[in-house]
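Step one of this worksheet: look at the structure below.
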There are 2 protein chains.
Amino acid sequence: MPDDLHPTLNAAAVLAELKNLLGAAAVISDAADCARYLTGARYGAGSALAVVRPADTEQVAQLAHYCASQQIKLVVQGANTGLVAASTPDASGHFLVLSTERLNRRIEIDVVNRSVEVDAGVTLHDLNQALEAHGLCFPVDLGANPSIGGMIAANTGGARLIKYGDVRANLLGLEAVLLHPPGTILDLRTALRKNNTGPDLKQLLVGTSGAYGIITRAVLQVHRLPQQTATALVVPRDQAAVLALLQIFEQDCGEFLSAFEGISGQAMAAVLRHVPAMTNPFAPDQLPEYCILIELDSTMSPQKSGLHLEALLNQLLEAHFGELITNALVGRGQDLWRIRHAISESLRSEGRIIAFDISMPRSSLVAFRQRAISLVETRYPHLQVMDFGHWADGGSHFNLVWPHTADAAYDAAVVSELRDAIYDMVVRDYHGSFSAEHGVGPYNQAYYHRYTSEAAQQVAGNIQNMLDPAHLFGLTWFGKQKTS
Amino acid sequence: MPDDLHPTLNAAAVLAELKNLLGAAAVISDAADCARYLTGARYGAGSALAVVRPADTEQVAQLAHYCASQQIKLVVQGANTGLVAASTPDASGHFLVLSTERLNRRIEIDVVNRSVEVDAGVTLHDLNQALEAHGLCFPVDLGANPSIGGMIAANTGGARLIKYGDVRANLLGLEAVLLHPPGTILDLRTALRKNNTGPDLKQLLVGTSGAYGIITRAVLQVHRLPQQTATALVVPRDQAAVLALLQIFEQDCGEFLSAFEGISGQAMAAVLRHVPAMTNPFAPDQLPEYCILIELDSTMSPQKSGLHLEALLNQLLEAHFGELITNALVGRGQDLWRIRHAISESLRSEGRIIAFDISMPRSSLVAFRQRAISLVETRYPHLQVMDFGHWADGGSHFNLVWPHTADAAYDAAVVSELRDAIYDMVVRDYHGSFSAEHGVGPYNQAYYHRYTSEAAQQVAGNIQNMLDPAHLFGLTWFGKQKTS
């Protein structure tokens, strides 16, 4: 990253000018009021020149223009739910935090086109509430309640990617403000499913952790609300049976398969230990080594169509009982998803989490898991594997816990060594990804440099230099590693 | 575009050096042998320095390096099925045609991951043949048999986008060769559905008509072969009923809807007049004003699942008969698709085609069609509207015919004026696209400049300058219009 803030900059003068530009209400500089914008959802705590909350695209453009002219650094923050420290400032105090939370007025739904134009600061929850009234939803599903702009900057995937795709697959258009030429409004709002009129420039803003521009508005494809859902918790005979079942489900109810989530017995045990309201869905003394949460959904109502997803699910499970399945439980969808979504928080109660957000071709998931568990058991026997994952899209949260009760105290150097070993295995041996859903950001910056080819870093850095020549945007650098 | 070929270049020396680099068999310079590479599928005929057919990525890189060093222009050609003249040389004779047809050896299928790694020159037909043996398919469906590299460069959509997405939605990874730094191999081959490790650089190569790099290999997501299909030809009560039916089908059999294609009575009449084997699917004297080809498909076999798509289709049609539907015919899928795919060729027999490849939000399709027909009838009464379109994705081939039998002779100036009027209506009044499926290329270059914002042209041109500083690649320029 480039050198620090312009050394002659006067913080008081900057604040005065920001209030002049955006109105006093848009500028927060009181330390207590700023606090919640400075600490990340999971990692990172910094300080900032101020927090600014522009009210519309024009104000964002004015702000970008001012920042470019004064060489002031900017970090864009939506709902601050990111996990790679890409939306909170560093410790220098030289960043402005640009919060998009006041860009939250517009939710314009086109029911016939199944699309919505939405301000970047609107949250997923608010969007889905507005859509529900029209029988529609934005089904990119995840534990948190991010802003739409943040979802685009992270290209969130979630648990239902296999049926609905990630954010990129549902993004029809967007509007962004660039730093170069300063304050340029790049208006790429279209609501088109077919459009090949040049480079698809909106892709530059997707999954780039806010380093290429400020997303101010988006046009999303939305989906019809399911009229029925069926859920099962299935105990596979072994790990190979998980992949066999995935293929069977894709063949025999492929159009309805909306989730195929693996949960290790250890992860489920942690949930049962730490969430008092949760009960073992099987039986108190029956904790499987591994299970799969399978969900089907459909826009077809059972009454009108005669299609009953739960019957279909039962039929498929019965057909493979014994051979691939040793236990199964159909129904109780809400309870099962509560268990699934409580894993992260439960792991935290067990000890220090060593979290992984990796992915690989589905065909490698079994081999990877076996080798990775063996590596942990051999070299780090005090750690516990409590993994879960999105088998259908190749995603794995191969999470480990360093228990509070372990003899050895938590050691960052050991964790770093372990992390390197797992990432090397994923990326080099299995052609996988070190960041499936969370993006790069400062948290994954070093891994980006390690695992990205020189040619790709060259192109990505050239684009970043073009869009932000003074490197004022965010904390992620996609070009070649700088030597200091 | 930049000035012509380096004036001191000696064609004989270039040929000798190319043969030296790639082997004599890779270089075609005989006029008769070159001919088929110089004429476009529909538009354009040019001449070339030579046609070169590299055998692998390394040879492509060597060629790119040589061309960059000698300032030789390059146009990349796959199966030469494009419709915007992007893969054939201009008349200058200064271009090399780089044919990818020898990059056609690799088709590596990963059944469990539902993905395939494929050389850019492999054709869609050959790919699907290889996939079929594994119960898989690449369902981006269109009339021609393009190469995979060409499909990526054009981001083809086709008739089944609503269920399967376009090429972009199914592209997991690719490999490309860049001109700058000369001969750089950009290896972005991954087979991952979730991967957010920086800017998704492969997007630069999608839909950019070969102007940003040479695609040498791709990794595609593939789908399971449908186990059943049901097709109907439906006569809607009126145009509003088409949109109402689309919404009903998306709700009541949404997961299975694989095509929803409009066909005007005039287009169908042209097919019946010009293809002797075709018979009117309704009755000899019953030609509807408009009809819809509806297709459902599913991976679920009727025997195993009890799901019968044809019964479901019948049930839905009956439920809306009278109210929205005045006639319907179920079955005969192959015949119906033969009619659909025979439209373009039949129109050509009627006269000179004035073809449009436009799209807009689905909610505007009825209003647009009414206004556009009215414009033609009022101002150009000698033209016949013979349109058809992909209602589910907002695509419309609002094709007109200047009949051979018209009193007025074909007049390019009139066509140009009409084209401007239709495009203005689509883009400015209905926020639509002047090129939904075919890309930009020389054919749509002027419309690109007219309808693309200055900010977007600036960014797109900067990227092109970065990837191809001497403007040697292809015939499409995405930057601001040059004034001469």
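Identifiers in this document derive from the order of the structure tokens: chains are assigned A, B, ..., residues are numbered from 1 separately in each chain, and ligands are numbered from 1 in order of occurrence.
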
Could you please write out, as an MDAnalysis selection string, every residue of stretch 198-376 of chain B that DSSP assigns to alpha helix (DSSP H)?
chainID B and resid 239:252 265:274 302:305 309:319 333:341 343:350 365:376

Test item: residues at most 12 Å from A:Met425, only C-alpha atoms, excluding those fewer than 3 positions along its chain, as number ranges by chain:
A: 358-360, 364-365, 367-373, 375, 418-422, 428-434, 451

With a distance threshold of 6 Å and counting only C-alpha atoms, extract the residues of chain A near chain B and express them as a PyMOL selection string.
chain A and resi 112-113+186+191-199+208+251-252+255+299-300+360-363+393+433+435-437+439-440+455

Just to be explicit: take each residue in the selection above, keep C-alpha atoms, and write the result as a compact mmCIF listing (two decimals), in the first residue's frame.
# COMPACT_ATOMS: atom_id res chain seq x y z
CA VAL A 112 -43.08 -8.87 -14.16
CA ASN A 113 -39.35 -8.59 -14.76
CA LEU A 186 -20.53 4.99 -13.53
CA ALA A 191 -32.55 -4.69 -15.57
CA LEU A 192 -31.55 -6.95 -18.46
CA ARG A 193 -30.89 -10.68 -18.46
CA LYS A 194 -29.39 -10.57 -21.95
CA ASN A 195 -27.09 -7.69 -22.76
CA ASN A 196 -23.80 -7.90 -24.63
CA THR A 197 -22.96 -4.33 -25.47
CA GLY A 198 -19.33 -4.28 -24.45
CA PRO A 199 -17.25 -5.27 -21.44
CA THR A 208 -13.29 -6.70 -4.99
CA GLN A 251 -30.37 -36.41 -10.68
CA ASP A 252 -33.60 -37.35 -8.94
CA GLU A 255 -34.49 -28.76 -9.86
CA THR A 299 -42.41 -22.34 -6.21
CA MET A 300 -45.10 -24.98 -6.91
CA MET A 360 -12.47 -26.92 -4.12
CA PRO A 361 -13.92 -29.08 -6.88
CA ARG A 362 -16.57 -31.24 -5.25
CA SER A 363 -14.73 -34.32 -6.44
CA ASP A 393 -20.84 -25.88 -4.27
CA SER A 433 -9.62 -21.45 -3.09
CA SER A 435 -11.36 -17.57 0.25
CA ALA A 436 -14.58 -19.00 -1.08
CA GLU A 437 -17.12 -16.53 0.25
CA GLY A 439 -13.22 -12.03 -0.20
CA VAL A 440 -9.67 -10.80 0.21
CA ALA A 455 0.20 -12.36 -14.52

Could you pull out all residues of stretch 141-264 of chain B with a DSSP call of strand (DSSP E) and give them as a PyMOL selection string?
chain B and resi 171-178+184-188+214-221+223-224+228-236+257-264

Could you please determine the separation between atom CA of A:Ala218 and atom CA of A:Ala120 in Å, to one decimal place?
6.5 Å

Using only C-alpha atoms, determine which residues lie at most 10 Å from stretch 323-335 of chain B, disregarding the query and same-chain residues fewer than 6 positions distant; provide the list as a PDB file with N, CA and C atoms, in the first residue's frame.
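Dumped everything to part.pdb:
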ATOM      1  N   THR B 229     -38.896 -34.139 -21.312  1.00  0.00           N
ATOM      2  CA  THR B 229     -39.158 -32.807 -21.847  1.00  0.00           C
ATOM      3  C   THR B 229     -40.617 -32.777 -22.278  1.00  0.00           C
ATOM      4  N   ALA B 230     -41.277 -31.652 -22.074  1.00  0.00           N
ATOM      5  CA  ALA B 230     -42.641 -31.496 -22.595  1.00  0.00           C
ATOM      6  C   ALA B 230     -42.721 -30.144 -23.294  1.00  0.00           C
ATOM      7  N   THR B 231     -43.413 -30.136 -24.411  1.00  0.00           N
ATOM      8  CA  THR B 231     -43.441 -28.935 -25.238  1.00  0.00           C
ATOM      9  C   THR B 231     -44.874 -28.635 -25.650  1.00  0.00           C
ATOM     10  N   ALA B 232     -45.194 -27.354 -25.725  1.00  0.00           N
ATOM     11  CA  ALA B 232     -46.512 -26.962 -26.219  1.00  0.00           C
ATOM     12  C   ALA B 232     -46.384 -25.736 -27.096  1.00  0.00           C
ATOM     13  N   LEU B 233     -47.274 -25.645 -28.074  1.00  0.00           N
ATOM     14  CA  LEU B 233     -47.407 -24.430 -28.855  1.00  0.00           C
ATOM     15  C   LEU B 233     -48.740 -23.827 -28.454  1.00  0.00           C
ATOM     16  N   VAL B 234     -48.698 -22.611 -27.938  1.00  0.00           N
ATOM     17  CA  VAL B 234     -49.861 -22.023 -27.272  1.00  0.00           C
ATOM     18  C   VAL B 234     -50.241 -20.727 -27.968  1.00  0.00           C
ATOM     19  N   VAL B 235     -51.521 -20.562 -28.239  1.00  0.00           N
ATOM     20  CA  VAL B 235     -51.985 -19.297 -28.809  1.00  0.00           C
ATOM     21  C   VAL B 235     -52.558 -18.454 -27.669  1.00  0.00           C
ATOM     22  N   PRO B 236     -51.926 -17.332 -27.374  1.00  0.00           N
ATOM     23  CA  PRO B 236     -52.418 -16.473 -26.286  1.00  0.00           C
ATOM     24  C   PRO B 236     -53.592 -15.622 -26.762  1.00  0.00           C
ATOM     25  N   ARG B 237     -54.461 -15.266 -25.828  1.00  0.00           N
ATOM     26  CA  ARG B 237     -55.614 -14.434 -26.174  1.00  0.00           C
ATOM     27  C   ARG B 237     -55.145 -13.126 -26.800  1.00  0.00           C
ATOM     28  N   ASP B 238     -54.122 -12.531 -26.211  1.00  0.00           N
ATOM     29  CA  ASP B 238     -53.549 -11.295 -26.751  1.00  0.00           C
ATOM     30  C   ASP B 238     -52.139 -11.158 -26.191  1.00  0.00           C
ATOM     31  N   GLN B 239     -51.474 -10.040 -26.460  1.00  0.00           N
ATOM     32  CA  GLN B 239     -50.082  -9.881 -26.022  1.00  0.00           C
ATOM     33  C   GLN B 239     -49.969  -9.809 -24.496  1.00  0.00           C
ATOM     34  N   ALA B 240     -50.933  -9.167 -23.863  1.00  0.00           N
ATOM     35  CA  ALA B 240     -50.874  -9.092 -22.398  1.00  0.00           C
ATOM     36  C   ALA B 240     -50.935 -10.494 -21.797  1.00  0.00           C
ATOM     37  N   ALA B 241     -51.659 -11.381 -22.454  1.00  0.00           N
ATOM     38  CA  ALA B 241     -51.763 -12.753 -21.952  1.00  0.00           C
ATOM     39  C   ALA B 241     -50.427 -13.481 -21.985  1.00  0.00           C
ATOM     40  N   VAL B 242     -49.528 -13.063 -22.889  1.00  0.00           N
ATOM     41  CA  VAL B 242     -48.208 -13.715 -22.947  1.00  0.00           C
ATOM     42  C   VAL B 242     -47.460 -13.480 -21.633  1.00  0.00           C
ATOM     43  N   ALA B 244     -48.790 -12.596 -18.784  1.00  0.00           N
ATOM     44  CA  ALA B 244     -49.532 -13.237 -17.689  1.00  0.00           C
ATOM     45  C   ALA B 244     -49.172 -14.719 -17.628  1.00  0.00           C
ATOM     46  N   LEU B 245     -49.110 -15.367 -18.795  1.00  0.00           N
ATOM     47  CA  LEU B 245     -48.768 -16.797 -18.828  1.00  0.00           C
ATOM     48  C   LEU B 245     -47.333 -17.040 -18.358  1.00  0.00           C
ATOM     49  N   MET B 278     -42.350 -28.651 -43.597  1.00  0.00           N
ATOM     50  CA  MET B 278     -43.072 -28.150 -42.431  1.00  0.00           C
ATOM     51  C   MET B 278     -44.567 -28.086 -42.704  1.00  0.00           C
ATOM     52  N   THR B 279     -45.325 -28.528 -41.747  1.00  0.00           N
ATOM     53  CA  THR B 279     -46.775 -28.357 -41.866  1.00  0.00           C
ATOM     54  C   THR B 279     -47.255 -27.500 -40.716  1.00  0.00           C
ATOM     55  N   PRO B 281     -48.793 -26.682 -37.565  1.00  0.00           N
ATOM     56  CA  PRO B 281     -49.078 -27.600 -36.452  1.00  0.00           C
ATOM     57  C   PRO B 281     -50.533 -27.531 -36.010  1.00  0.00           C
ATOM     58  N   PHE B 282     -51.213 -26.437 -36.264  1.00  0.00           N
ATOM     59  CA  PHE B 282     -52.621 -26.339 -35.870  1.00  0.00           C
ATOM     60  C   PHE B 282     -53.504 -26.999 -36.930  1.00  0.00           C
ATOM     61  N   PRO B 288     -52.334 -18.620 -36.292  1.00  0.00           N
ATOM     62  CA  PRO B 288     -52.589 -17.650 -35.225  1.00  0.00           C
ATOM     63  C   PRO B 288     -51.797 -16.369 -35.458  1.00  0.00           C
ATOM     64  N   CYS B 291     -47.958 -16.929 -31.358  1.00  0.00           N
ATOM     65  CA  CYS B 291     -47.989 -18.105 -30.487  1.00  0.00           C
ATOM     66  C   CYS B 291     -46.717 -18.212 -29.652  1.00  0.00           C
ATOM     67  N   ILE B 292     -46.789 -19.067 -28.656  1.00  0.00           N
ATOM     68  CA  ILE B 292     -45.667 -19.218 -27.725  1.00  0.00           C
ATOM     69  C   ILE B 292     -45.258 -20.690 -27.707  1.00  0.00           C
ATOM     70  N   LEU B 293     -43.961 -20.907 -27.817  1.00  0.00           N
ATOM     71  CA  LEU B 293     -43.429 -22.256 -27.677  1.00  0.00           C
ATOM     72  C   LEU B 293     -42.970 -22.374 -26.217  1.00  0.00           C
ATOM     73  N   ILE B 294     -43.643 -23.232 -25.471  1.00  0.00           N
ATOM     74  CA  ILE B 294     -43.306 -23.421 -24.060  1.00  0.00           C
ATOM     75  C   ILE B 294     -42.661 -24.795 -23.899  1.00  0.00           C
ATOM     76  N   GLU B 295     -41.519 -24.815 -23.213  1.00  0.00           N
ATOM     77  CA  GLU B 295     -40.852 -26.095 -22.982  1.00  0.00           C
ATOM     78  C   GLU B 295     -40.545 -26.258 -21.498  1.00  0.00           C
ATOM     79  N   GLU B 310     -45.498 -33.694 -19.110  1.00  0.00           N
ATOM     80  CA  GLU B 310     -46.544 -33.423 -20.096  1.00  0.00           C
ATOM     81  C   GLU B 310     -47.905 -33.298 -19.416  1.00  0.00           C
ATOM     82  N   ALA B 311     -48.126 -34.112 -18.388  1.00  0.00           N
ATOM     83  CA  ALA B 311     -49.377 -34.004 -17.638  1.00  0.00           C
ATOM     84  C   ALA B 311     -49.453 -32.658 -16.925  1.00  0.00           C
ATOM     85  N   LEU B 313     -47.969 -29.920 -17.801  1.00  0.00           N
ATOM     86  CA  LEU B 313     -48.160 -28.895 -18.825  1.00  0.00           C
ATOM     87  C   LEU B 313     -49.622 -28.846 -19.262  1.00  0.00           C
ATOM     88  N   ASN B 314     -50.205 -30.004 -19.522  1.00  0.00           N
ATOM     89  CA  ASN B 314     -51.615 -30.070 -19.900  1.00  0.00           C
ATOM     90  C   ASN B 314     -52.516 -29.444 -18.835  1.00  0.00           C
ATOM     91  N   LEU B 317     -52.230 -25.661 -18.910  1.00  0.00           N
ATOM     92  CA  LEU B 317     -52.875 -25.073 -20.086  1.00  0.00           C
ATOM     93  C   LEU B 317     -54.386 -25.113 -19.936  1.00  0.00           C
ATOM     94  N   HIS B 341     -36.381 -22.905 -35.255  1.00  0.00           N
ATOM     95  CA  HIS B 341     -35.017 -22.705 -35.750  1.00  0.00           C
ATOM     96  C   HIS B 341     -34.974 -22.441 -37.260  1.00  0.00           C
TER      97      HIS B 341
END

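Candidate residues B:Ser147, B:Thr123, B:Asn280, B:Ser69 were compared for distance to B:Leu336, and the nearest is B:Asn280, using only C-alpha atoms.
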
Within 12 Å of B:Val271 using only C-alpha atoms, minus same-chain residues under 2 positions, as a ChimeraX atom specification:
/B:263-269,273-281,287,335-350,386

So that I can see what lies close to stretch 88-102 of chain A, please list as a compact mmCIF listing (two decimals) with C-alpha atoms, in the first residue's frame the residues with an atom at most 8 Å from it, counting only C-alpha atoms and leaving out residues fewer than 3 positions away in the same chain.
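Wrote it out as result_38.txt, contents follow:
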# COMPACT_ATOMS: atom_id res chain seq x y z
CA ASP A 4 0.35 7.59 4.54
CA LEU A 5 -2.04 10.48 4.35
CA TYR A 37 -17.99 1.88 12.58
CA LEU A 38 -14.40 1.22 13.58
CA THR A 39 -14.56 -2.36 14.79
CA GLY A 40 -15.11 -5.23 12.40
CA GLY A 44 -9.93 -5.60 13.14
CA ALA A 45 -10.34 -2.40 15.10
CA GLY A 46 -9.03 0.90 13.86
CA SER A 47 -9.49 4.62 14.08
CA ALA A 48 -10.66 7.15 11.52
CA LEU A 49 -10.59 10.81 10.61
CA ALA A 50 -14.38 10.71 10.73
CA VAL A 51 -17.37 8.71 9.58
CA VAL A 52 -19.37 10.23 6.74
CA ARG A 53 -22.83 9.14 5.73
CA PRO A 54 -23.75 10.62 2.35
CA ALA A 55 -27.45 10.80 1.54
CA ASP A 56 -27.37 10.07 -2.18
CA ILE A 72 -7.72 11.48 1.70
CA LYS A 73 -8.10 7.73 2.10
CA LEU A 74 -11.53 6.18 2.10
CA VAL A 75 -12.93 2.89 3.31
CA VAL A 76 -16.51 2.03 2.37
CA GLN A 77 -18.71 0.29 4.91
CA GLY A 78 -22.18 -1.18 4.50
CA ALA A 79 -23.71 -3.01 7.44
CA ASN A 80 -20.23 -3.90 8.74
CA ALA A 85 -11.55 -6.49 7.66
CA ARG A 105 -34.46 4.67 0.51
CA ALA A 120 -26.57 0.05 -1.75
CA GLY A 121 -27.26 0.66 1.94
CA VAL A 122 -30.51 -1.30 2.03
CA THR A 216 -24.22 3.19 -4.67
CA GLY A 474 -9.80 0.70 0.99
CA LEU A 475 -7.10 -1.56 2.38

Near-B:Ala355 list (9 Å; only C-alpha atoms; drop same-chain fewer than 5 positions) as a PyMOL selection string
chain B and resi 397-401

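Rounded to one decimal, atom CA of A:Val366 and atom CA of B:His134 lie 21.2 Å from each other.
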